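Note sheet for the following structure.
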Amino acid sequence: MTRNLYSFSGGLKLEPHKESTCHIPTRSISPPKALYLPLQQHIGATAQPCVAIGQHVVAGELIADTPDYVGMRLHAPASGIISSIDNFPVIHPSGLYGRCIELRPENDAGVQQSEMDRHIRADELQNEPLATIRERIELAGIVGLGGAGFPTHVKINEGSTQQVETLIINGVECEPYITCDDRLIQEFAEEVVAGAKLLSRTLAASQCIIAVEDDMQDALQALRENSSDDDIEILSVPARYPAGSEKQLITVLTGKEVPSGLLPINVGIATVNVATSRAIFRAASEGEPLTRRIVTVTGEIANPGNVHAMIGTPVQHLLDQCGRFDPRTHRVLGGGPMMGVEIQDTSAPITKTTNCLLVIARDEEAKPPSACIRCGDCLPVCPVKLQPQQLYEASRVADVDVAQDLHLFDCIECGCCSYVCPSKIPLVDYFRFAKSSIEALDVDRSDADHARALYERREYRLSSAETIGANEEATLADISSLDVGQLQGEVRDAVARSAKRRGKP
Amino acid sequence: MLVVTIVLLFMIAVSAWMLLHHLEPERDSKRRIVHRVDEILPQTQCQQCGYDGCLPYAKAIVERGVSIDRCPPGGLGVRRSLAELLGRAGAAQRRSADAETLEQVVVIDEAICIGCTKCIQACPIDAIVGAAKQMHTVVTGQCTGCELCISPCPVDCIDIVDAKVGIEAWRWPRPSYRGHERRSVVDE
C-alpha cells in the first residue's frame, strides 16, 4: 500500500550531523553517586513526594505521586536511600533551582518493585481489558518522550472519548545531531511495534502509521522486519526540519491541518513518540515504570554516542562517560541546536524529556545582532505560516494585542526564522518573551481579582462593625433608662433561685 | 400610503434612538463605569493616589473627574487603558514614578514583633494575621507590596523585600543585546 505524502510550508533543509552517533549501539553507563529527581519535569501539575528523608526505596518504587489529572508519578530508578528533598539545579532557561528528590543508589539492590506485579505476555495483551492497559500506563508515570512531556494517560483518555481515525507513531527525528529515537527503533523495533499495536487497540484507531525520516534507513528496515502484518503502515517522510513536529507531521502524512488553537484529537488524530510507544508496551506487559531513557550525548566531545540513562542522572555524569570537554571554550545544550536550552549548571539532572546533550563551541567572537533590514527571509521558512518580522516588531515593544492578532501562540518555537535571519536577531527569544508577558498579565489579573475580593470583604466587615457599634450604643441607652434598683433586685432573685435549685444555703 | 409612511418614519425614529443609545457612553450607568475602572486598577490598595483604595479612586475618577494619572503601580499600561475606556487624553509618556512591576512584598521579623496589631489594622487586604501580644506574620502570596503597614509598626520590624520568583512563576526576560536595540525607541 502506498500513501500519498503531502508537504508542509516553510521549514529548512539542515545538515544532519547524525553520522557520529547513529551507528553506535546504545551504551550502558555506571550509576551516578546520586540521582536528583525534579518534581516538576513536564507540562502539568507538580508531583508531591510520598517518601521520607532517610527512607530506603527499591528500584521501581513510587516516590512522588500527583492528585491532579494532568500530572505524572515518579518512581525510583534505582534502589537506595532518600537523602534529601530540596532545591537543586535543574535544566531550565532561568537557571533557577527546582525541587528535587535526592536518591543515593546503593549496591545491595532489592528486587525491582512495582504496583503492577502481574506480568502479561505480549500475545496475551491482545485479550487484556482496555481499562487495565490504561491504568497500567497511568501507574507507570509515562509522559511524552518526544519533548513536551504531556502525560500519556491524559492523551489516551481524551483519545478514548473522541473518535481517533489515525494514530501516528512519531519517529521523525528531524532536529540535527539527535539520534536517540533512531537508536531506540534499531534496537527495540519489536517493542515499538508492539506498543503501536496496543495503543491502536486502546484508542480504537482505524489506521496506524509509524513514520521515520528518509535518512533513517536502518531504523526503517528494523521496523519492517518486525511488523508481520499490514495493520501498521511503516513509512519514511522526506528529511526537512521540522517534519517531526506534531502538527507538521500530521500535514505531511494526512494532508490535514490542525486549526489554530485546536489539538490533533479535534481532527481525529493522535500522535505518540516512538520511545513513548515502547514505554507503553513495557508498562503494559512488564509493569515497568518509566525510570530510564536513551539520551544522545554528542557534539564536540571525545566519545559521542547514545546512552541508557536513569532519570535524575546529573548531566555532568553523562558527559564524563562520553569524554572530556573544556567548559571555558564549550557549552552544553539540553536538546538540539535549534530548540535546545543552554544548561548553565551541569550538575542539573536529566528528566523524562531530555533527549540530547549537545556540546558546542562558545562563539565569543559572534557579532551582536544588528537591526532588522526587513528582508523578509523569515517569512517563507516559517512552518506555521506566521509573519516573524511583524511578530518581532510587536514582541519587541511587548504590544500584546498586536502579537496575539498575529497568532503569536501558534508559534512552535522551531527556530527556523532565527536561523535564517541575516541580522542574527534571536527572534524566537522575543516570541518567548512576548508569550511570557501575556501569560504574566493573566496571572497579574487573577492576583488583582483576589486582592479586590479581600479588600471588599474587609470594607464590608468594617462597615458592618460600625453599624453594630451604633446598635450597641442604642441598646446601652435603653438599659440606662431602666431602674437600676429594679435590675439589681432581679439579679438577686435569680441568684437565689439558682442556689435553691442546687440545694445550697 | 399614509400608513406606510408613518410606519417608515416610526422605524427611522426607533433606529436613530437605538443608534444614539448605543453610541453614547454617558448612558452607561455610572456604577458600571466605576466597576470597569476598578477592574483596570491594579488592586494594590496602596493609597498612593491619595484615596483610600482602588475602588474609592475609581469612584473619584468617574464621579468627580479626578485625573487618571495618579496610580504609580499601574503605570503606563493602566493610564493607557483608562484613557481608552473614558475617552480622556491619556498621559502616554512613561514616568519616573511608574512602578509597574510589583515584585516587592513585606516580611515581618518575627523575633522582634511585639504583637501590637497595628500592622494588621493597616493592611487593606487582611494579608497579615496574628492576635494581640501574639506574633504576627504576612500571608505569603497575598501581599501586594502597598507598604501601608510599615510606618505604623512601633518597633520597625517590617521589611520590604524582593518577592521570591519561583521556577514556576519565572518569565522569559526581554532579550537584551547590544547594538540593534540601541537606537530603537523601546518604551515609546
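The chains in the C-alpha cells are called A, B, ... from first to last as shown; in each chain the residues are counted from 1, and the ligands are counted from 1 in the order shown.
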
Give me, as JSON, numbers by chain, the contact residues of chain A against chain B at a cut-off of 8 Å, counting only C-alpha atoms.
{"A": [94, 96, 97, 98, 368, 369, 370, 371, 372, 396, 397, 429, 430, 432, 433, 436, 437, 440, 445, 448, 449, 451, 452, 454, 455, 458]}

Which residues are close to Ile33 (chain B), i.e. within 10 Å by only C-alpha atoms, leaving aside same-chain residues fewer than 3 positions away? Reply as a CSV table (one decimal) with N, CA and C atoms, in the first residue's frame.
chain,number,residue,atom,x,y,z
B,25,PRO,N,-21.8,56.9,25.5
B,25,PRO,CA,-21.3,56.1,26.7
B,25,PRO,C,-21.9,56.7,28.0
B,26,GLU,N,-22.4,58.0,28.0
B,26,GLU,CA,-22.9,58.6,29.1
B,26,GLU,C,-24.1,57.8,29.7
B,28,ASP,N,-24.4,54.7,29.7
B,28,ASP,CA,-23.9,53.5,30.5
B,28,ASP,C,-24.0,54.0,32.0
B,29,SER,N,-24.6,53.3,32.9
B,29,SER,CA,-24.8,53.8,34.2
B,29,SER,C,-23.4,54.0,34.9
B,30,LYS,N,-23.3,55.1,35.7
B,30,LYS,CA,-22.1,55.4,36.3
B,30,LYS,C,-21.5,54.3,37.1
B,36,ARG,N,-15.9,49.2,35.8
B,36,ARG,CA,-14.9,48.9,34.8
B,36,ARG,C,-13.5,49.6,35.1
B,37,VAL,N,-13.6,50.8,35.6
B,37,VAL,CA,-12.3,51.5,36.0
B,37,VAL,C,-11.6,50.7,37.1
B,38,ASP,N,-12.4,50.2,38.1
B,38,ASP,CA,-11.8,49.4,39.2
B,38,ASP,C,-11.2,48.1,38.7
B,39,GLU,N,-11.8,47.6,37.6
B,39,GLU,CA,-11.2,46.3,37.0
B,39,GLU,C,-9.8,46.6,36.4
B,58,ALA,N,-11.4,54.8,41.8
B,58,ALA,CA,-12.2,54.6,40.6
B,58,ALA,C,-13.5,55.5,40.7
B,59,LYS,N,-14.1,55.6,41.9
B,59,LYS,CA,-15.3,56.5,42.0
B,59,LYS,C,-14.9,57.9,41.8
B,61,ILE,N,-12.5,59.1,40.0
B,61,ILE,CA,-12.2,59.3,38.6
B,61,ILE,C,-13.5,59.6,37.8
B,62,VAL,N,-14.5,58.7,38.1
B,62,VAL,CA,-15.7,58.7,37.3
B,62,VAL,C,-16.6,59.8,37.8
B,63,GLU,N,-16.8,60.0,39.1
B,63,GLU,CA,-17.8,60.9,39.6
B,63,GLU,C,-17.3,62.3,39.7
B,85,LEU,N,-10.8,53.8,27.8
B,85,LEU,CA,-12.1,53.5,28.3
B,85,LEU,C,-12.9,54.8,28.5
B,86,LEU,N,-12.3,55.8,29.0
B,86,LEU,CA,-13.0,57.0,29.3
B,86,LEU,C,-13.0,58.1,28.3
